[in-house]
Structures are given as structure tokens and as C-alpha cells.
>>> print(open('run09.cif').read())   # mmCIF, C-alpha atoms
data_start
#
loop_
_atom_site.group_PDB
_atom_site.id
_atom_site.type_symbol
_atom_site.label_atom_id
_atom_site.label_comp_id
_atom_site.auth_asym_id
_atom_site.auth_seq_id
_atom_site.Cartn_x
_atom_site.Cartn_y
_atom_site.Cartn_z
ATOM 1 C CA MET A 17 0.000 0.000 0.000
ATOM 2 C CA ALA A 18 1.471 3.314 -0.950
ATOM 3 C CA ILE A 19 0.927 6.257 1.330
ATOM 4 C CA ASN A 20 0.752 9.388 -0.742
ATOM 5 C CA THR A 21 -0.614 12.140 1.443
ATOM 6 C CA ALA A 22 1.537 15.163 0.771
ATOM 7 C CA PRO A 23 3.546 16.187 3.837
ATOM 8 C CA GLN A 24 2.602 19.864 3.385
ATOM 9 C CA GLN A 25 -1.053 18.977 3.294
ATOM 10 C CA GLU A 26 -0.595 16.976 6.478
ATOM 11 C CA ALA A 27 1.321 19.723 8.213
ATOM 12 C CA ALA A 28 -1.492 22.145 7.408
ATOM 13 C CA LEU A 29 -4.071 19.715 8.806
ATOM 14 C CA ILE A 30 -2.082 19.270 11.996
ATOM 15 C CA ARG A 31 -1.806 23.030 12.503
ATOM 16 C CA ARG A 32 -5.557 23.404 12.122
ATOM 17 C CA ILE A 33 -6.282 20.537 14.520
ATOM 18 C CA LEU A 34 -4.047 22.086 17.160
ATOM 19 C CA ALA A 35 -5.502 25.522 16.506
ATOM 20 C CA GLY A 36 -8.993 24.402 17.448
ATOM 21 C CA GLU A 37 -10.421 22.090 14.794
ATOM 22 C CA PRO A 38 -9.940 18.674 16.467
ATOM 23 C CA GLU A 39 -12.536 16.994 14.217
ATOM 24 C CA LEU A 40 -10.022 17.168 11.379
ATOM 25 C CA PHE A 41 -8.047 14.471 13.177
ATOM 26 C CA HIS A 42 -10.385 11.937 11.567
ATOM 27 C CA GLU A 43 -9.192 13.039 8.180
ATOM 28 C CA LEU A 44 -5.535 13.121 9.209
ATOM 29 C CA ILE A 45 -5.382 9.486 10.260
ATOM 30 C CA ARG A 46 -7.630 7.957 7.611
ATOM 31 C CA PRO A 47 -4.746 6.969 5.273
ATOM 32 C CA TYR A 48 -2.944 5.195 8.120
ATOM 33 C CA GLU A 49 -5.588 2.944 9.619
ATOM 34 C CA ARG A 50 -4.276 -0.170 7.953
ATOM 35 C CA LEU A 51 -0.663 0.726 8.664
ATOM 36 C CA VAL A 52 -1.322 0.980 12.384
ATOM 37 C CA TYR A 53 -3.545 -2.098 12.516
ATOM 38 C CA VAL A 54 -1.170 -4.373 10.593
ATOM 39 C CA THR A 55 1.851 -3.155 12.537
ATOM 40 C CA ILE A 56 0.199 -4.220 15.786
ATOM 41 C CA LEU A 57 -1.464 -7.340 14.365
ATOM 42 C CA THR A 58 1.847 -8.848 13.292
ATOM 43 C CA MET A 59 3.143 -8.291 16.814
ATOM 44 C CA VAL A 60 0.238 -9.468 18.959
ATOM 45 C CA ARG A 61 -1.113 -12.082 16.514
ATOM 46 C CA ASN A 62 -4.714 -11.519 17.511
ATOM 47 C CA GLU A 63 -7.256 -9.487 15.567
ATOM 48 C CA ALA A 64 -9.308 -8.163 18.478
ATOM 49 C CA GLU A 65 -6.183 -7.231 20.391
ATOM 50 C CA ALA A 66 -4.786 -5.513 17.308
ATOM 51 C CA GLU A 67 -7.979 -3.517 16.818
ATOM 52 C CA ASP A 68 -7.905 -2.392 20.459
ATOM 53 C CA GLY A 69 -4.268 -1.481 20.076
ATOM 54 C CA ALA A 70 -4.933 0.477 16.891
ATOM 55 C CA GLN A 71 -7.651 2.481 18.649
ATOM 56 C CA GLU A 72 -5.355 3.203 21.589
ATOM 57 C CA THR A 73 -2.602 4.256 19.194
ATOM 58 C CA MET A 74 -4.830 6.744 17.412
ATOM 59 C CA ILE A 75 -6.178 8.134 20.675
ATOM 60 C CA SER A 76 -2.663 8.517 22.012
ATOM 61 C CA ALA A 77 -1.611 10.236 18.784
ATOM 62 C CA PHE A 78 -4.518 12.645 19.164
ATOM 63 C CA ARG A 79 -3.635 13.457 22.767
ATOM 64 C CA HIS A 80 0.040 13.972 21.999
ATOM 65 C CA LEU A 81 -0.277 15.622 18.623
ATOM 66 C CA ASN A 82 1.268 18.823 20.007
ATOM 67 C CA THR A 83 4.511 16.907 20.610
ATOM 68 C CA PHE A 84 4.790 15.872 16.970
ATOM 69 C CA ARG A 85 7.727 17.637 15.374
ATOM 70 C CA GLY A 86 7.574 18.348 11.694
ATOM 71 C CA ASP A 87 11.055 16.962 11.013
ATOM 72 C CA ALA A 88 9.734 13.388 10.906
ATOM 73 C CA ARG A 89 6.991 12.077 8.684
ATOM 74 C CA PHE A 90 3.638 11.788 10.426
ATOM 75 C CA SER A 91 3.434 8.131 9.290
ATOM 76 C CA THR A 92 6.782 7.414 10.945
ATOM 77 C CA TRP A 93 5.674 9.028 14.172
ATOM 78 C CA LEU A 94 2.427 7.056 14.139
ATOM 79 C CA VAL A 95 4.221 3.757 13.527
ATOM 80 C CA THR A 96 6.505 4.436 16.483
ATOM 81 C CA ILE A 97 3.472 4.846 18.726
ATOM 82 C CA ALA A 98 1.883 1.712 17.241
ATOM 83 C CA MET A 99 4.998 -0.349 17.860
ATOM 84 C CA ASN A 100 5.182 0.823 21.457
ATOM 85 C CA GLU A 101 1.534 -0.069 21.887
ATOM 86 C CA GLY A 102 2.192 -3.519 20.413
ATOM 87 C CA ARG A 103 5.152 -4.108 22.713
ATOM 88 C CA LYS A 104 3.155 -3.017 25.733
ATOM 89 C CA ARG A 105 0.469 -5.536 24.865
ATOM 90 C CA LEU A 106 3.001 -8.282 24.242
ATOM 91 C CA ARG A 107 4.589 -7.731 27.627
ATOM 92 C CA LYS A 108 1.191 -7.844 29.240
ATOM 93 C CA ALA A 109 0.198 -11.040 27.485
ATOM 94 C CA LYS A 110 3.652 -12.538 27.801
ATOM 95 C CA THR A 111 3.128 -14.084 24.408
ATOM 96 C CA ALA A 112 6.850 -14.308 23.979
ATOM 97 C CA ALA A 113 6.580 -17.945 23.024
ATOM 98 C CA GLU A 114 9.483 -19.362 21.094
ATOM 99 C CA ASP A 115 9.644 -18.402 17.477
ATOM 100 C CA PRO A 116 9.708 -21.465 15.240
ATOM 101 C CA LEU A 117 11.328 -19.492 12.450
ATOM 102 C CA GLU A 118 14.171 -18.693 14.808
ATOM 103 C CA VAL A 119 15.605 -22.071 13.910
ATOM 104 C CA LEU A 120 16.097 -20.757 10.409
ATOM 105 C CA VAL A 121 18.207 -17.870 11.589
ATOM 106 C CA GLU A 122 21.840 -18.696 11.296
ATOM 107 C CA GLU A 123 24.331 -17.056 13.583
ATOM 108 C CA LYS A 124 25.896 -14.619 11.191
ATOM 109 C CA GLU A 125 24.010 -11.826 9.481
ATOM 110 C CA GLY A 126 23.880 -12.443 5.769
ATOM 111 C CA ASP A 127 24.683 -16.145 5.948
ATOM 112 C CA PHE A 128 21.691 -18.192 4.875
ATOM 113 C CA THR A 129 20.563 -20.798 2.444
ATOM 114 C CA PRO A 130 17.339 -20.207 0.577
ATOM 115 C CA ALA A 131 15.071 -23.103 -0.216
ATOM 116 C CA VAL A 132 15.879 -24.525 -3.583
ATOM 117 C CA LEU A 133 13.110 -25.446 -5.901
ATOM 118 C CA THR A 134 13.625 -26.755 -9.329
ATOM 119 C CA ASP A 135 10.247 -28.112 -10.365
ATOM 120 C CA TRP A 136 8.500 -24.785 -10.745
ATOM 121 C CA ARG A 137 9.494 -21.298 -11.690
ATOM 122 C CA GLU A 138 6.532 -19.083 -11.038
ATOM 123 C CA ILE A 139 3.540 -19.239 -8.805
ATOM 124 C CA PRO A 140 0.648 -19.641 -11.186
ATOM 125 C CA LEU A 141 -1.954 -16.947 -10.932
ATOM 126 C CA GLU A 142 -4.433 -19.508 -9.628
ATOM 127 C CA ALA A 143 -2.128 -20.292 -6.721
ATOM 128 C CA LEU A 144 -1.802 -16.647 -5.744
ATOM 129 C CA GLU A 145 -5.558 -16.442 -5.698
ATOM 130 C CA ARG A 146 -5.765 -19.185 -3.097
ATOM 131 C CA LYS A 147 -6.851 -17.972 0.289
ATOM 132 C CA GLU A 148 -4.743 -20.586 2.054
ATOM 133 C CA LEU A 149 -1.588 -19.151 0.604
ATOM 134 C CA ARG A 150 -2.355 -15.716 1.997
ATOM 135 C CA GLN A 151 -3.095 -17.339 5.345
ATOM 136 C CA LYS A 152 0.248 -19.170 5.243
ATOM 137 C CA LEU A 153 2.025 -15.924 4.467
ATOM 138 C CA ARG A 154 0.405 -14.190 7.436
ATOM 139 C CA GLU A 155 1.436 -17.082 9.669
ATOM 140 C CA ALA A 156 4.988 -16.981 8.390
ATOM 141 C CA VAL A 157 5.239 -13.226 8.975
ATOM 142 C CA GLU A 158 4.005 -13.650 12.539
ATOM 143 C CA LEU A 159 6.660 -16.282 13.106
ATOM 144 C CA LEU A 160 9.532 -14.055 12.040
ATOM 145 C CA PRO A 161 11.757 -12.915 14.894
ATOM 146 C CA GLU A 162 10.785 -9.382 15.855
ATOM 147 C CA LYS A 163 13.752 -7.473 14.456
ATOM 148 C CA TYR A 164 13.166 -8.979 11.020
ATOM 149 C CA ARG A 165 9.401 -8.818 11.173
ATOM 150 C CA GLU A 166 9.185 -5.127 11.979
ATOM 151 C CA VAL A 167 11.332 -4.219 8.994
ATOM 152 C CA PHE A 168 9.394 -6.521 6.661
ATOM 153 C CA VAL A 169 6.029 -5.162 7.815
ATOM 154 C CA LEU A 170 6.980 -1.541 7.280
ATOM 155 C CA ARG A 171 8.860 -1.993 4.013
ATOM 156 C CA ASP A 172 7.062 -4.762 2.156
ATOM 157 C CA ILE A 173 3.567 -4.778 3.613
ATOM 158 C CA GLU A 174 3.068 -1.079 4.221
ATOM 159 C CA GLY A 175 5.415 0.299 1.611
ATOM 160 C CA LEU A 176 7.346 2.782 3.749
ATOM 161 C CA ASN A 177 10.684 3.723 2.222
ATOM 162 C CA GLN A 178 14.038 2.784 3.759
ATOM 163 C CA GLU A 179 14.519 6.091 5.540
ATOM 164 C CA GLU A 180 11.025 6.093 7.037
ATOM 165 C CA THR A 181 11.461 2.500 8.165
ATOM 166 C CA ALA A 182 14.842 3.256 9.708
ATOM 167 C CA GLY A 183 13.376 6.289 11.478
ATOM 168 C CA ALA A 184 10.370 4.422 12.872
ATOM 169 C CA ILE A 185 12.455 1.574 14.266
ATOM 170 C CA GLY A 186 15.448 3.641 15.280
ATOM 171 C CA ILE A 187 18.115 1.817 13.267
ATOM 172 C CA ASN A 188 20.214 2.872 10.295
ATOM 173 C CA VAL A 189 19.366 2.288 6.640
ATOM 174 C CA THR A 190 22.075 -0.343 6.166
ATOM 175 C CA LEU A 191 20.563 -2.437 8.918
ATOM 176 C CA VAL A 192 17.128 -2.006 7.338
ATOM 177 C CA LYS A 193 18.493 -3.500 4.119
ATOM 178 C CA VAL A 194 20.234 -6.386 5.851
ATOM 179 C CA ARG A 195 17.215 -7.306 7.960
ATOM 180 C CA LEU A 196 14.776 -6.946 5.091
ATOM 181 C CA HIS A 197 16.851 -9.316 3.033
ATOM 182 C CA ARG A 198 17.022 -11.844 5.852
ATOM 183 C CA ALA A 199 13.292 -11.582 6.456
ATOM 184 C CA ARG A 200 12.502 -12.200 2.806
ATOM 185 C CA MET A 201 14.826 -15.163 2.653
ATOM 186 C CA MET A 202 13.304 -16.696 5.783
ATOM 187 C CA LEU A 203 9.833 -16.289 4.308
ATOM 188 C CA GLN A 204 10.963 -17.752 1.020
ATOM 189 C CA LYS A 205 12.346 -20.770 2.820
ATOM 190 C CA TYR A 206 9.230 -21.221 4.913
ATOM 191 C CA LEU A 207 6.727 -20.732 2.132
ATOM 192 C CA VAL A 208 8.257 -22.727 -0.688
ATOM 193 C CA PRO A 209 6.470 -25.982 0.203
ATOM 194 C CA TYR A 210 3.114 -24.189 0.064
ATOM 195 C CA LEU A 211 3.884 -22.403 -3.153
ATOM 196 C CA LYS A 212 4.054 -25.605 -5.120
ATOM 197 C CA SER A 213 0.993 -26.160 -7.166
ATOM 198 C CA GLU A 214 -0.472 -28.963 -9.179
ATOM 199 C CA VAL A 215 -1.076 -26.453 -11.913
ATOM 200 C CA PRO A 216 1.980 -25.963 -14.078
ATOM 201 C CA GLY A 217 3.330 -22.426 -14.074
ATOM 202 C CA ARG A 218 2.369 -19.934 -16.723
ATOM 203 C CA GLY A 219 5.796 -18.515 -17.328
ATOM 204 C CA GLY A 220 6.328 -14.825 -17.459
ATOM 205 C CA PHE A 221 3.340 -13.252 -15.816
ATOM 206 C CA PHE A 222 4.879 -12.210 -12.534
ATOM 207 C CA ARG A 223 8.294 -11.768 -14.006
ATOM 208 C CA ARG A 224 6.914 -8.869 -16.015
ATOM 209 C CA TRP A 225 5.133 -7.501 -12.988
ATOM 210 C CA PHE A 226 8.284 -6.317 -11.268
ATOM 211 C CA GLN A 227 10.252 -5.051 -14.215
ATOM 212 C CA MET B 25 33.039 -10.165 -12.011
ATOM 213 C CA LYS B 26 32.027 -13.809 -11.655
ATOM 214 C CA LEU B 27 29.643 -14.814 -8.893
ATOM 215 C CA ASP B 28 28.765 -18.178 -7.449
ATOM 216 C CA CYS B 29 25.245 -19.050 -6.258
ATOM 217 C CA LYS B 30 25.865 -18.178 -2.644
ATOM 218 C CA HIS B 31 26.951 -14.677 -3.583
ATOM 219 C CA VAL B 32 23.932 -14.210 -5.802
ATOM 220 C CA TRP B 33 21.589 -15.159 -2.942
ATOM 221 C CA GLU B 34 23.036 -12.327 -0.884
ATOM 222 C CA HIS B 35 21.957 -9.857 -3.525
ATOM 223 C CA ILE B 36 18.439 -11.078 -4.280
ATOM 224 C CA SER B 37 16.831 -8.373 -2.167
ATOM 225 C CA GLY B 38 19.030 -5.659 -3.605
ATOM 226 C CA TYR B 39 18.206 -6.950 -7.065
ATOM 227 C CA LEU B 40 14.446 -6.865 -6.440
ATOM 228 C CA ASP B 41 14.705 -3.372 -4.965
ATOM 229 C CA GLN B 42 16.877 -2.244 -7.878
ATOM 230 C CA GLN B 43 19.655 -1.154 -5.566
ATOM 231 C CA LEU B 44 22.635 -2.979 -7.030
ATOM 232 C CA ASP B 45 25.394 -0.912 -8.562
ATOM 233 C CA PRO B 46 25.782 -1.408 -12.322
ATOM 234 C CA ALA B 47 28.763 -3.781 -12.228
ATOM 235 C CA LEU B 48 27.187 -6.025 -9.617
ATOM 236 C CA LEU B 49 23.819 -5.917 -11.355
ATOM 237 C CA LYS B 50 25.425 -7.092 -14.565
ATOM 238 C CA ALA B 51 27.202 -9.946 -12.814
ATOM 239 C CA VAL B 52 24.016 -11.045 -11.047
ATOM 240 C CA GLN B 53 22.042 -10.879 -14.284
ATOM 241 C CA ARG B 54 24.662 -12.926 -16.101
ATOM 242 C CA HIS B 55 24.519 -15.576 -13.411
ATOM 243 C CA LEU B 56 20.717 -15.656 -13.414
ATOM 244 C CA GLU B 57 20.616 -16.220 -17.149
ATOM 245 C CA THR B 58 22.334 -19.543 -16.806
ATOM 246 C CA CYS B 59 21.425 -20.690 -13.289
ATOM 247 C CA GLU B 60 18.027 -22.361 -12.926
ATOM 248 C CA VAL B 61 18.360 -22.655 -9.163
ATOM 249 C CA CYS B 62 19.056 -18.988 -8.528
ATOM 250 C CA SER B 63 16.388 -17.782 -10.920
ATOM 251 C CA ALA B 64 13.848 -20.044 -9.204
ATOM 252 C CA ILE B 65 14.809 -18.546 -5.850
ATOM 253 C CA LEU B 66 14.530 -15.070 -7.281
ATOM 254 C CA ASP B 67 11.111 -15.812 -8.791
ATOM 255 C CA SER B 68 9.729 -17.331 -5.614
ATOM 256 C CA THR B 69 10.949 -14.405 -3.523
ATOM 257 C CA ARG B 70 9.449 -11.943 -5.976
ATOM 258 C CA ASN B 71 6.167 -13.826 -5.901
ATOM 259 C CA ILE B 72 6.079 -13.663 -2.123
ATOM 260 C CA LEU B 73 6.437 -9.895 -2.389
ATOM 261 C CA VAL B 74 3.585 -9.746 -4.887
ATOM 262 C CA LEU B 75 1.457 -11.694 -2.473
ATOM 263 C CA THR B 76 2.547 -9.500 0.422
ATOM 264 C CA ALA B 77 1.556 -6.325 -1.378
ATOM 265 C CA ASP B 78 -1.877 -7.751 -2.167
ATOM 266 C CA ASP B 79 -4.381 -5.828 -0.057
ATOM 267 C CA ARG B 80 -6.350 -9.006 0.536
ATOM 268 C CA THR B 81 -3.462 -10.522 2.472
ATOM 269 C CA TYR B 82 -4.007 -8.073 5.315
ATOM 270 C CA GLU B 83 -7.578 -6.895 5.466
ATOM 271 C CA LEU B 84 -9.062 -4.654 8.094
ATOM 272 C CA PRO B 85 -11.808 -6.356 10.113
ATOM 273 C CA VAL B 86 -15.349 -5.482 8.999
ATOM 274 C CA GLY B 87 -16.463 -2.281 10.728
ATOM 275 C CA PHE B 88 -12.952 -1.455 11.915
ATOM 276 C CA SER B 89 -12.986 2.062 10.560
ATOM 277 C CA GLU B 90 -16.427 2.907 11.924
ATOM 278 C CA ARG B 91 -15.551 1.692 15.420
ATOM 279 C CA LEU B 92 -12.246 3.544 15.385
ATOM 280 C CA HIS B 93 -13.753 6.863 14.378
ATOM 281 C CA ALA B 94 -16.631 6.525 16.830
ATOM 282 C CA LYS B 95 -14.136 5.999 19.622
ATOM 283 C CA LEU B 96 -12.038 8.927 18.466
ATOM 284 C CA GLN B 97 -15.084 11.134 18.255
ATOM 285 C CA ALA B 98 -15.869 10.346 21.882
ATOM 286 C CA VAL B 99 -12.346 11.351 22.913
ATOM 287 C CA ILE B 100 -12.471 14.517 20.815
ATOM 288 C CA ALA B 101 -15.830 15.510 22.312
ATOM 289 C CA GLN B 102 -14.569 14.817 25.826
ATOM 290 C CA ASN B 103 -11.556 16.975 25.134
ATOM 291 C CA ARG B 104 -13.695 19.882 24.106
ATOM 292 C CA GLY B 105 -15.857 19.630 27.182
#
>>> encode(input="run09.cif", output="C-alpha cells")
Amino acid sequence: MAINTAPQQEAALIRRILAGEPELFHELIRPYERLVYVTILTMVRNEAEAEDGAQETMISAFRHLNTFRGDARFSTWLVTIAMNEGRKRLRKAKTAAEDPLEVLVEEKEGDFTPAVLTDWREIPLEALERKELRQKLREAVELLPEKYREVFVLRDIEGLNQEETAGAIGINVTLVKVRLHRARMMLQKYLVPYLKSEVPGRGGFFRRWFQ
Amino acid sequence: MKLDCKHVWEHISGYLDQQLDPALLKAVQRHLETCEVCSAILDSTRNILVLTADDRTYELPVGFSERLHAKLQAVIAQNRG
């Protein structure tokens, strides 16, 4: 999902909200509902809990809007609040169960072996349409160790750029790249068995997509 | 520059994000042209990203937006009073 609200437009909205038009807050946050919800959902792994957390995040953002400094993007600021909210809820629930995907994480950054598949090249369109595959992907994302998951969620699910992602998490851009790569490779490894399909691949469709 | 498979794997993300410098990009591309294994890994990773970006993968619960804005409105009203 691309977030395209112009920063100037947002800054103007924020000024008006603080100057006595609080109802405009509804408009300000509308583009970010999914961003906040998914950020928390992938942490707490429970839809009701994530919805509660998203509401708390937005309320907190409203109450603290006067502390928002224009040097960061509003989306980045919001994600930071959402991640804190998610962590708070995780601590409370003590859901820190072991992460099965952790076994896939080798000791050294950058050292990994992707799953090798030779009998198919592309996921056929029909396979991508399968609900189960989307479900498997959500499961796999939830199983990623936190430091990889948070980068993957912001970059690949929510489409924040590298700088925004780095700013929201509080790490540098190089680390964003390294962790994103690791996250993708872990997902690739985990998902390959489910990507296989009885239907032979229709070469080329998704190859074109990304070029 | 000649790369083996393990080196190519390290650059799959950079390749998909179009962040490789020209020399490296050329070397990776040359390898991919002849290596079935690496191009299959690249394709599967790319497909996962396609799936990830699909809005249906992460949907908001029905009524999410309405409930959120109702709650916010209550807070806003309270704040005024």
C-alpha cells in the first residue's frame, strides 16, 4: 500500500487541529488505519487485540499531537506509537513464546541458504488467488523474529521507504536492508512448500510484474 | 566479475529493490541467465512480495474504521468539554 498524502497537506491539517479544529483528526489518520492495525497485528497475533491497540494508538496520537515535530513524517511518528503499543500488549500477554522461524536464523548476518526449488518457476496466478496461501504468508510473517518482522512489515507490507522504516524503528538504513533481506529469505524458505501447485506455471506473468 | 550461487543469494533483495550498482547488477544478471536454481529462488521471492503487497493478504476487520472513528469522536468531544 502506498501512502501518498503530501507532507505539506498533512502539516497544514495538523496546525488546524491544534488551533482548534480537532474533528479534522479523523481526516488526518484515515490513510494510516491499515498501517497501524497491521503493525500491531503482526506483533500481537490476535485481531481483536490488534484492533484495540490500533484504537489506543490513534487516541494517544490525538492526545500527543502537540509533541509531533515536523522533522519526521507523520506516518513514521504514528508507527513508532503503534509499535510501542504492540510491545506493551506483548509484555502484558507474555506471548513471547518461542519463534519457530528462529531455527532458520543462522548465527551470522547475511549467511543463509534459501530453499531450492527446481520443479516450478513461477507461482501460477491460480495459486496466488488461493486464500490458504495468503493465510500461510500471514502465519509466516508472525513467526519471524521481531527485528526482522518489523522491517518486513513496514517496508514490504506497508510500503514505507528505507529512511522512514529506519526512522520508525530507530536503526540505520544499512541495517534495514540487511534485515529486510534476511526476512525475505526466511519467508521464502518457509513458504516454498506451500507455493508448489499442481497447476503448471504460466511462465512470465509475474516476471513482467516487477520489471 | 564472476559470482557463485551463494553470492547471488546475498543480492536477491538488492536486485528486487533495484539497488545494485551497475557492475554487480550485470554480474548477477549474467549468473541468473544460466542458473536455474538462482532464478527459481529469485522468482519465488518476488512472488512472495507480490502476495505481500496484495491488499487481501491483510484486510481490516469489517467495521474497523467505523468503530475507530466513533471511539475517536468520543475522545475529541470529551476533550472539548
>>> resolve_selection(input="run09.cif", expression="the PyMOL selection byres ((chain B) within 7 of (chain A))", output="mmCIF file with C-alpha atoms, in the coordinates of the input")
data_model
loop_
_atom_site.group_PDB
_atom_site.id
_atom_site.type_symbol
_atom_site.label_atom_id
_atom_site.label_comp_id
_atom_site.auth_asym_id
_atom_site.auth_seq_id
_atom_site.Cartn_x
_atom_site.Cartn_y
_atom_site.Cartn_z
ATOM 1 C CA GLU B 34 23.036 -12.327 -0.884
ATOM 2 C CA SER B 37 16.831 -8.373 -2.167
ATOM 3 C CA VAL B 61 18.360 -22.655 -9.163
ATOM 4 C CA ALA B 64 13.848 -20.044 -9.204
ATOM 5 C CA ILE B 65 14.809 -18.546 -5.850
ATOM 6 C CA ASP B 67 11.111 -15.812 -8.791
ATOM 7 C CA SER B 68 9.729 -17.331 -5.614
ATOM 8 C CA THR B 69 10.949 -14.405 -3.523
ATOM 9 C CA ASN B 71 6.167 -13.826 -5.901
ATOM 10 C CA LEU B 73 6.437 -9.895 -2.389
ATOM 11 C CA LEU B 75 1.457 -11.694 -2.473
ATOM 12 C CA THR B 76 2.547 -9.500 0.422
ATOM 13 C CA ALA B 77 1.556 -6.325 -1.378
ATOM 14 C CA THR B 81 -3.462 -10.522 2.472
ATOM 15 C CA LEU B 84 -9.062 -4.654 8.094
ATOM 16 C CA LEU B 92 -12.246 3.544 15.385
ATOM 17 C CA HIS B 93 -13.753 6.863 14.378
ATOM 18 C CA LEU B 96 -12.038 8.927 18.466
ATOM 19 C CA ILE B 100 -12.471 14.517 20.815
#
>>> resolve_selection(input="run09.cif", expression="the PyMOL selection byres ((chain B and resi 49-60) around 9)", output="PyMOL selection string")
(chain A and resi 134+137) or (chain B and resi 25-29+31-32+35-36+39+42-48+61-66)
>>> resolve_selection(input="run09.cif", expression="the PyMOL selection byres ((chain A and resi 80) around 12)", output="PyMOL selection string")
chain A and resi 30+33-34+41+73-79+81-85+93-94+97
>>> atom_distance(input="run09.cif", atom1="CA of Lys163 (chain A)", atom2="CA of Arg195 (chain A)")
7.4 Å
>>> atom_distance(input="run09.cif", atom1="CA of Glu166 (chain A)", atom2="CA of Tyr82 (chain B)")
15.1 Å
>>> atom_distance(input="run09.cif", atom1="CA of Gly87 (chain B)", atom2="CA of Arg104 (chain B)")
26.0 Å
>>> closest_residue(input="run09.cif", among="A:Asn62, A:Thr55, A:Thr181, A:Ser91", to="Ala22 (chain A)", atoms="only C-alpha atoms")
A:Ser91
>>> axis_aligned_box(input="run09.cif", around="region 52-71 of chain B", padding_each_side="3 Å", output="JSON")
{"center_x": 15.4, "center_y": -16.8, "center_z": -10.3, "size_x": 24.5, "size_y": 17.8, "size_z": 19.6}
>>> residues_near_point(input="run09.cif", point="(4.3, -5.8, 18.5)", cutoff="12 Å", atoms="only C-alpha atoms", output="ChimeraX atom specification")
/A:52-62,65-66,69-70,95-112,158,160-163,165-167,169,185
